[in-house]
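Here the structure comes first, spelled out in structure tokens, and everything after it is commentary.
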Amino acid sequence: MYPRVSIIILNWNGWKDTIECLESVYQITYPNYDVIVVDNGSSDESIEKIKEYCEGKIKVESKFFEYSSENKPIKIIEYTREEAEAGGGKEEEISKLPSNRKLILIKNEKNYGFAEGNNIGIRYALKTLNPDYVLLLNNDTVVDREFLKELVKVGVNEEKVGLIQPKLLYYDDPNIINNTGLLCDIFGATLHRGRYEKDEGQYDNLTEKGFFYASGACLLVQKEFLYELGGECFDKFLFAYHEDVDLSWQARLLGFRVIYCPRSICFHKEGKSSGRFNPTTAYWGYRNRIRVLMKNYSIKYLIWVLPIAILLEFLMSTLVSIYRKDFRYFYSFLKALVWNIKIFGNTLKMRRFVQSKRKVEDKHILRYMEHNSIECRFLLKKFHQVISQLIRFPRI
């Protein structure tokens with residue numbers, strides 16, 4: 001018997017990536033899943049193009065698979081956000097179809113961001129489909145045929161697992177690692193484990209150690225963990241960035257395990273929706289990091305960690321502004337502080353909820369975190385590079 005999995009793919013003005021992702025999903029070997037595409041108020045022709053793909057009118061080209069017409073047309077049932085939140089009602093139309101012949105499309109009236117966009121899909125799935133697991137999958141990914149079978153195998157065979165992520169490799173160069181779990185220091189700064197390294201299996205034995213949180217790009221979430229969180233996955237106020245840090249932190253606080261599964265492979269384009277590091281993404285990162293620290297640390301640690309974290313953000317935003325000659329990065333930091341002041345009451349409310357459910361002490365959490373500053377290490381590395389370039393010793 002295969003546990004039922006709800007696969008949620010969030011789309012926002014990215015239909016080309018989404019249909020490539022969908023085609024890879026519909027070719028997996030795992031037989032028991034439902035695909036839910038949540039369109040986050042796209043302003044392009046995403047909905048029309050996704051429908052055309054399902055009708056078999058668009059043949060997807062990819063270096064990772066051969067397009068298959070055998071499962072086309074794919075039956076679609078559509079909901080507005082309000083209809084999905086109310087529990088749907090059209091599921092009988094697709095209930096007897098195999099997993100690769102059906103699609104559920106939820107059309108949001110606006111962009112709710114990564115966090116709440118996924119929450120909308122999760123609430124619908126838990127209320128209507130009764131899955132054993134929810135799989136969150138970025139639309140800018142392509143999956144290996146065996147990826148879901150391997151993820152579920154870990155969930156079934158291991159105890160008290162909350163989150164499982166696959167090995168993420170770069171789409172453009174599948175021999176290069178995107179991440180194998182992610183690092184987080186005690187001040188909330190983050191770093192991809194193994195990023196840009198050639199994949200030679202060097203992280204394949206580090207399935208629970210050596211990283212703090214699982215990537216939201218491809219993430220299998222246990223149903224029991226979701227119910228502990230009240231039926232939602234992410235803090236909707238985080239919008240985008242650091243929401244997966246927050247999720248893994250809460251999993252660990254509640255006594256759930258966070259696991260990296262190297263046998264499961266996913267190829268990631270990375271940053272297609274939000275773009276690379278820019279003043280906007282810097283703002284989301286600065287503001288969300290502060291909220292995550294305030295929610296999850298005990299007072300004992302928060303009173304000294306938070307001021308240092310804010311100081312590090314101040315230094316980083318100042319140096320980036322100088323280096324890139326763009327004051328907007330420092331302005332992003334100031335905006336982040338103002339946002340956290342405005343939303344302080346809500347943060348305290350969320351903090352009380354998180355702390356009331358805590359089952360382990362901070363010392364347990366700290367075992368998985370970096371104890372020195374990732375940002376300071378980065379700055380020292382850059383400083384060393386500059387000094388090395390300035391100082392040239394003559395050859396003898």
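Chain labels A, B, ... are given in the sequence in which chains occur in the structure tokens; within each chain residues are numbered consecutively from 1, and ligands are likewise numbered from 1 in the order shown.
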Self-check item: Near-Arg252 of chain A list (8 Å; only C-alpha atoms; drop same-chain fewer than 6 positions) as an MDAnalysis selection string
Solution: chainID A and resid 258 360 365
Quiz prompt | Near-Thr18 of chain A list (8 Å; only C-alpha atoms; drop same-chain fewer than 6 positions) as a list in words | solution = Ile9, Asn11, Ile50, Asn139 and Asp140 of chain A
Practice problem: Any chance you could list, as a count of residues only, the residues in segment 186-225 of chain A that come up strand (DSSP E or B) when DSSP is run on the backbone? | Solution: 10
Quiz item: Nearest to Tyr170 of chain A among A:Arg352, A:Arg289, A:Arg358, A:Lys269, with distances taken over only C-alpha atoms: which residue is it?
Solution: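 For Tyr170 of chain A, the nearest of the given residues is A:Lys269.
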